[in-house]
Amino acid sequence: MRKESSRIIKIAENSPEFRENIYRPMSDQKSYVFGAMEMEIIEANLSKNSLNMDPQLRAWQTHMASSIRRESLRKIREDLTVAYSNPRNTRHIKGLFEDISLASSIFGGNSKIVQFYQQFKDAERMAPANTRPFADFFKLEDDSLESLIRQHIARFEVTEKLFRKELPGFHQRFITRIKPRIKSSELGIDEDTLERRLAATKVVIADALRADLTADAGGQYRVADDVASISQQDFKRLGEEIYTHEIMHALSGKTLYAEKSIVDEYSDEKNKYYYTNKYGRLGLMINGKHERFRWLNEAVTETLTRELIDTAPDRPQYSQVVYKSERELLELLMIRGKYQIDLKLFTDAYFENYDPTLPREKRIPAWKTLYKTISEAYSPGFLTELDKYIKAKDVKAAAHTMQIDWHEVANFK
Ligand SMILES: [Zn+2]
């Protein structure tokens with residue numbers, strides 16, 4: 001039987017391909033906590049043991065349960081070592097120990113965990129700049145490690161409860177803040193789209209030790225299954241800021257794809273297209289073979305977030321850090337050319353959805369206007385040149401060059 005080769009087409013959000021939803025991945029919305037799976041395995045094996053068992057069988061079962069426990073904890077040790085090797089996880093790893101230290105009344109001030117944490121901190125302090133001391137998680141013995149992970153899971157559960165309590169408030173305040181701006185046509189999105197997207201987006205709390213949520217300072221938005229994640233570790237401090245940022249991604253314009261089903265030629269389904277988790281664009285980021293304009297997408301997302309929510313002036317760490325260089329670069333891009341470019345040009349393009357049912361020239365007019373305006377204010381294709389420059393250097397370097405002389409970006413090879 002001959003297989004149909006797959007073909008990808010662009011689709012609108014209101015198209016049958018999107019609504020049919022057949023291959024659209026559904027998120028189970030379950031949060032996976034670091035170490036939880038291993039703890040479940042340990043418990044499941046312990047519970048197999050029963051006093052009514054034949055003594056020999058019970059001895060064997062006990063032996064099995066303890067070897068499974070040892071193996072599961074070995075896996076956690078390895079995962080911790082891997083997690084620690086990523087510098088972005090340092091504060092989350094420290095967080096694991098801080099929880100325990102705070103709960104030292106349970107474990108006693110001299111507990112092995114507190115000791116290990118002290119050694120870990122000393123090693124970090126003594127390490128030369130830009131190097132990372134080896135965190136010898138293998139030295140943390142089984143009982144201590146198990147307590148550490150159980151404490152982490154317990155904390156996650158507490159934060160998850162808090163999250164469920166707070167989420168309706170986040171949602172309501174978001175609507176209250178954004179509606180006047182939609183009514184005044186300040187943002188290129190209508191109320192129908194706002195409501196549809198808000199209803200479709202699933203917001204979950206996630207463990208930063210399991211998923212890389214560092215890019216968005218504690219969050220992530222996935223187009224494929226409309227899931228916005230907020231990191232458990234950052235929830236108390238920045239939950240609403242992260243929520244607002246991720247929901248902004250969810251509301252931003254998209255270019256969606258459908259894929260022709262791969263079925264044999266005799267099937268009725270052979271000419272149908274289904275939604276695929278691939279996408280062509282999210283906001284201002286193009287997600288082709290090579291990803292482009294991520295920095296611009298984040299700069300606009302965070303700028304809009306800050307206009308919408310009081311970004312906690314009492315928490316300067318947040319206001320300084322989150323996409324700082326990206327936002328600076330966006331501001332420079334608006335003012336450094338032959339004439340100023342209004343933020344509205346960026347936000348109109350940001351919220352624009354691709355509609356393949358419209359004539360070609362009407363499909364993404366705001367994007368085209370933005371690109372053309374930047375080319376006119378600087379030089380032809382300047383936005384692309386800037387993106388290349390960032391890829392070769394970084395956002396901070398690009399902002400620095402834009403301060404001095406943008407021609408260097410345009411002439412960069
Ligand atoms: Zn983001």
# chains A, B, ... in the order shown; residues from 1 in each chain; ligands from 1
call {"tool": "residues_around", "arguments": {"residues": "region 206-214 of chain A", "least_positions_apart": "5", "cutoff": "8 Å", "atoms": "only C-alpha atoms", "output": "PDB file with C-alpha atoms, in the first residue's frame"}}
result
ATOM      1  CA  SER A  31       1.850  18.749  37.070  1.00  0.00           C
ATOM      2  CA  TYR A  32       4.937  16.642  37.304  1.00  0.00           C
ATOM      3  CA  VAL A  33       7.016  17.420  40.311  1.00  0.00           C
ATOM      4  CA  PHE A  34      10.704  16.631  40.457  1.00  0.00           C
ATOM      5  CA  ALA A  83      19.918  19.693  36.957  1.00  0.00           C
ATOM      6  CA  ARG A  88      20.004  28.408  35.556  1.00  0.00           C
ATOM      7  CA  ASN A  89      18.914  25.842  38.116  1.00  0.00           C
ATOM      8  CA  HIS A  92      16.052  26.089  42.411  1.00  0.00           C
ATOM      9  CA  ILE A  93      18.534  23.566  43.795  1.00  0.00           C
ATOM     10  CA  PHE A 156       4.670  21.903  45.623  1.00  0.00           C
ATOM     11  CA  GLY A 219       6.901  30.634  32.900  1.00  0.00           C
ATOM     12  CA  GLN A 220       6.248  29.174  29.510  1.00  0.00           C
ATOM     13  CA  SER A 229       2.905  27.170  32.882  1.00  0.00           C
ATOM     14  CA  ILE A 230       3.903  29.104  35.962  1.00  0.00           C
ATOM     15  CA  SER A 231       6.858  27.846  37.932  1.00  0.00           C
ATOM     16  CA  GLN A 232       6.070  26.680  41.438  1.00  0.00           C
ATOM     17  CA  GLN A 233       9.355  28.160  42.609  1.00  0.00           C
TER      18      GLN A 233
END
call {"tool": "residues_near_ligand", "arguments": {"ligand": "ligand 1", "cutoff": "9 Å", "atoms": "only C-alpha atoms and all ligand atoms", "output": "mmCIF file with N, CA and C atoms, in the first residue's frame"}}
result
data_model
loop_
_atom_site.group_PDB
_atom_site.id
_atom_site.type_symbol
_atom_site.label_atom_id
_atom_site.label_comp_id
_atom_site.auth_asym_id
_atom_site.auth_seq_id
_atom_site.Cartn_x
_atom_site.Cartn_y
_atom_site.Cartn_z
ATOM 1 N N ALA A 215 13.456 30.914 30.765
ATOM 2 C CA ALA A 215 13.461 31.918 29.704
ATOM 3 C C ALA A 215 12.468 33.036 30.010
ATOM 4 N N ASP A 216 11.254 32.675 30.395
ATOM 5 C CA ASP A 216 10.243 33.679 30.688
ATOM 6 C C ASP A 216 10.239 34.051 32.169
ATOM 7 N N ALA A 217 11.379 33.991 32.810
ATOM 8 C CA ALA A 217 11.491 34.307 34.231
ATOM 9 C C ALA A 217 10.445 33.570 35.046
ATOM 10 N N GLY A 219 8.102 31.090 33.599
ATOM 11 C CA GLY A 219 6.901 30.634 32.900
ATOM 12 C C GLY A 219 7.182 30.133 31.510
ATOM 13 N N GLN A 220 6.119 29.701 30.868
ATOM 14 C CA GLN A 220 6.248 29.174 29.510
ATOM 15 C C GLN A 220 4.853 29.116 28.897
ATOM 16 N N TYR A 221 4.775 29.373 27.592
ATOM 17 C CA TYR A 221 3.503 29.165 26.905
ATOM 18 C C TYR A 221 3.753 28.253 25.716
ATOM 19 N N ILE A 242 3.926 36.611 35.990
ATOM 20 C CA ILE A 242 4.188 35.524 35.032
ATOM 21 C C ILE A 242 2.895 35.158 34.304
ATOM 22 N N HIS A 245 2.190 37.711 31.601
ATOM 23 C CA HIS A 245 3.116 37.554 30.479
ATOM 24 C C HIS A 245 2.715 36.356 29.603
ATOM 25 N N GLU A 246 2.444 35.221 30.235
ATOM 26 C CA GLU A 246 2.127 34.010 29.464
ATOM 27 C C GLU A 246 0.775 34.135 28.762
ATOM 28 N N MET A 248 -0.457 36.851 27.712
ATOM 29 C CA MET A 248 -0.214 37.751 26.583
ATOM 30 C C MET A 248 0.265 36.943 25.365
ATOM 31 N N HIS A 249 1.142 35.989 25.608
ATOM 32 C CA HIS A 249 1.579 35.093 24.513
ATOM 33 C C HIS A 249 0.368 34.357 23.923
ATOM 34 N N ARG A 294 12.666 36.061 18.131
ATOM 35 C CA ARG A 294 12.219 35.705 19.485
ATOM 36 C C ARG A 294 12.379 36.903 20.431
ATOM 37 N N ASN A 297 9.605 39.401 19.994
ATOM 38 C CA ASN A 297 8.352 38.889 20.539
ATOM 39 C C ASN A 297 8.322 39.027 22.063
ATOM 40 N N GLU A 298 9.435 38.681 22.706
ATOM 41 C CA GLU A 298 9.489 38.776 24.164
ATOM 42 C C GLU A 298 9.500 40.233 24.622
ATOM 43 N N ALA A 299 10.194 41.074 23.874
ATOM 44 C CA ALA A 299 10.243 42.499 24.239
ATOM 45 C C ALA A 299 8.837 43.091 24.229
ATOM 46 N N THR A 301 5.940 41.384 24.347
ATOM 47 C CA THR A 301 5.132 40.693 25.357
ATOM 48 C C THR A 301 5.353 41.307 26.737
ATOM 49 N N GLU A 302 6.607 41.510 27.087
ATOM 50 C CA GLU A 302 6.907 42.022 28.423
ATOM 51 C C GLU A 302 6.558 43.509 28.536
ATOM 52 N N TYR A 323 13.656 40.228 30.595
ATOM 53 C CA TYR A 323 13.841 40.692 29.214
ATOM 54 C C TYR A 323 14.285 42.160 29.149
#
call {"tool": "residues_around", "arguments": {"residues": "region 188-193 of chain A", "least_positions_apart": "4", "cutoff": "9 Å", "atoms": "only C-alpha atoms", "output": "PyMOL selection string"}}
result
chain A and resi 179+182-183+197-198+251-253+344+347-352
call {"tool": "closest_residue", "arguments": {"among": "A:Tyr339, A:Phe346, A:Tyr243, A:Phe235", "to": "Gly283 (chain A)", "atoms": "only C-alpha atoms"}}
result
A:Phe346
call {"tool": "residues_around", "arguments": {"residues": "Ile113 (chain A)", "least_positions_apart": "2", "cutoff": "8 Å", "atoms": "only C-alpha atoms", "output": "NGL selection string"}}
result
:A and (97 or 100 or 111 or 115-117 or 140 or 144-145 or 148)
call {"tool": "write_last_selection", "arguments": {"atoms": "C-alpha atoms", "output": "tab-separated table (two decimals), in the first residue's frame"}}
result
chain	number	residue	atom	x	y	z
A	97	PHE	CA	17.68	22.87	50.70
A	100	ILE	CA	14.54	21.85	54.58
A	111	SER	CA	20.75	17.12	60.38
A	115	GLN	CA	25.34	19.89	56.90
A	116	PHE	CA	25.41	18.96	53.24
A	117	TYR	CA	23.82	22.27	52.32
A	140	LEU	CA	23.74	12.71	50.40
A	144	SER	CA	18.30	12.47	53.82
A	145	LEU	CA	17.68	12.52	50.10
A	148	LEU	CA	14.59	16.37	50.85
call {"tool": "atom_distance", "arguments": {"atom1": "CA of Ala397 (chain A)", "atom2": "CA of Thr369 (chain A)"}}
result
26.7 Å
call {"tool": "select_by_dssp", "arguments": {"residues": "region 123-268 of chain A", "states": "strand (DSSP E or B)", "output": "JSON, numbers by chain"}}
result
{"A": [202, 203, 204, 205, 206, 219, 220, 221, 222, 227, 228, 229, 230, 231, 254, 255, 256, 257, 258, 259, 260, 264]}
call {"tool": "write_last_selection", "arguments": {"atoms": "N, CA and C atoms", "output": "mmCIF file, in the first residue's frame"}}
result
data_model
loop_
_atom_site.group_PDB
_atom_site.id
_atom_site.type_symbol
_atom_site.label_atom_id
_atom_site.label_comp_id
_atom_site.auth_asym_id
_atom_site.auth_seq_id
_atom_site.Cartn_x
_atom_site.Cartn_y
_atom_site.Cartn_z
ATOM 1 N N LYS A 202 -5.024 26.681 29.006
ATOM 2 C CA LYS A 202 -4.978 26.000 30.296
ATOM 3 C C LYS A 202 -3.784 26.533 31.077
ATOM 4 N N VAL A 203 -4.025 26.959 32.270
ATOM 5 C CA VAL A 203 -2.931 27.495 33.088
ATOM 6 C C VAL A 203 -2.578 26.468 34.155
ATOM 7 N N VAL A 204 -1.316 26.113 34.209
ATOM 8 C CA VAL A 204 -0.887 25.101 35.183
ATOM 9 C C VAL A 204 0.314 25.599 35.978
ATOM 10 N N ILE A 205 0.494 24.969 37.121
ATOM 11 C CA ILE A 205 1.690 25.260 37.899
ATOM 12 C C ILE A 205 2.689 24.135 37.598
ATOM 13 N N ALA A 206 3.939 24.494 37.388
ATOM 14 C CA ALA A 206 4.919 23.483 36.981
ATOM 15 C C ALA A 206 6.179 23.594 37.830
ATOM 16 N N GLY A 219 8.102 31.090 33.599
ATOM 17 C CA GLY A 219 6.901 30.634 32.900
ATOM 18 C C GLY A 219 7.182 30.133 31.510
ATOM 19 N N GLN A 220 6.119 29.701 30.868
ATOM 20 C CA GLN A 220 6.248 29.174 29.510
ATOM 21 C C GLN A 220 4.853 29.116 28.897
ATOM 22 N N TYR A 221 4.775 29.373 27.592
ATOM 23 C CA TYR A 221 3.503 29.165 26.905
ATOM 24 C C TYR A 221 3.753 28.253 25.716
ATOM 25 N N ARG A 222 2.973 27.183 25.628
ATOM 26 C CA ARG A 222 3.116 26.258 24.507
ATOM 27 C C ARG A 222 1.949 26.415 23.565
ATOM 28 N N VAL A 227 -1.031 25.602 26.580
ATOM 29 C CA VAL A 227 -0.765 25.499 28.012
ATOM 30 C C VAL A 227 0.181 26.611 28.448
ATOM 31 N N ALA A 228 -0.237 27.342 29.454
ATOM 32 C CA ALA A 228 0.632 28.349 30.073
ATOM 33 C C ALA A 228 1.074 27.803 31.416
ATOM 34 N N SER A 229 2.386 27.695 31.622
ATOM 35 C CA SER A 229 2.905 27.170 32.882
ATOM 36 C C SER A 229 3.494 28.288 33.729
ATOM 37 N N ILE A 230 3.269 28.182 35.017
ATOM 38 C CA ILE A 230 3.903 29.104 35.962
ATOM 39 C C ILE A 230 4.760 28.256 36.895
ATOM 40 N N SER A 231 5.984 28.681 37.111
ATOM 41 C CA SER A 231 6.858 27.846 37.932
ATOM 42 C C SER A 231 6.466 27.933 39.404
ATOM 43 N N LYS A 254 -1.335 34.389 15.656
ATOM 44 C CA LYS A 254 -0.660 33.143 15.304
ATOM 45 C C LYS A 254 -0.831 32.809 13.837
ATOM 46 N N THR A 255 0.139 32.110 13.335
ATOM 47 C CA THR A 255 -0.009 31.460 12.037
ATOM 48 C C THR A 255 -0.013 29.974 12.339
ATOM 49 N N LEU A 256 -1.161 29.332 12.129
ATOM 50 C CA LEU A 256 -1.309 27.924 12.494
ATOM 51 C C LEU A 256 -1.199 27.035 11.261
ATOM 52 N N TYR A 257 -0.758 25.837 11.490
ATOM 53 C CA TYR A 257 -0.604 24.883 10.398
ATOM 54 C C TYR A 257 -1.550 23.698 10.563
ATOM 55 N N ALA A 258 -1.930 23.123 9.442
ATOM 56 C CA ALA A 258 -2.590 21.817 9.484
ATOM 57 C C ALA A 258 -1.776 20.892 8.604
ATOM 58 N N GLU A 259 -1.837 19.622 8.909
ATOM 59 C CA GLU A 259 -1.058 18.655 8.157
ATOM 60 C C GLU A 259 -2.003 17.644 7.542
ATOM 61 N N LYS A 260 -1.742 17.312 6.292
ATOM 62 C CA LYS A 260 -2.571 16.306 5.642
ATOM 63 C C LYS A 260 -2.304 14.967 6.322
ATOM 64 N N ASP A 264 -3.343 5.506 4.036
ATOM 65 C CA ASP A 264 -3.207 4.884 2.727
ATOM 66 C C ASP A 264 -4.266 5.401 1.755
#
call {"tool": "closest_residue", "arguments": {"among": "A:Lys75, A:Lys165, A:Lys236, A:Arg281", "to": "Tyr354 (chain A)", "atoms": "only C-alpha atoms"}}
result
A:Arg281
call {"tool": "select_by_dssp", "arguments": {"residues": "region 150-328 of chain A", "states": "helix (DSSP H, G or I)", "output": "count of residues only"}}
result
94
call {"tool": "residues_around", "arguments": {"residues": "region 126-136 of chain A", "least_positions_apart": "3", "cutoff": "12 Å", "atoms": "only C-alpha atoms", "output": "PyMOL selection string"}}
result
chain A and resi 77-78+80-90+93-94+116-123+139-141
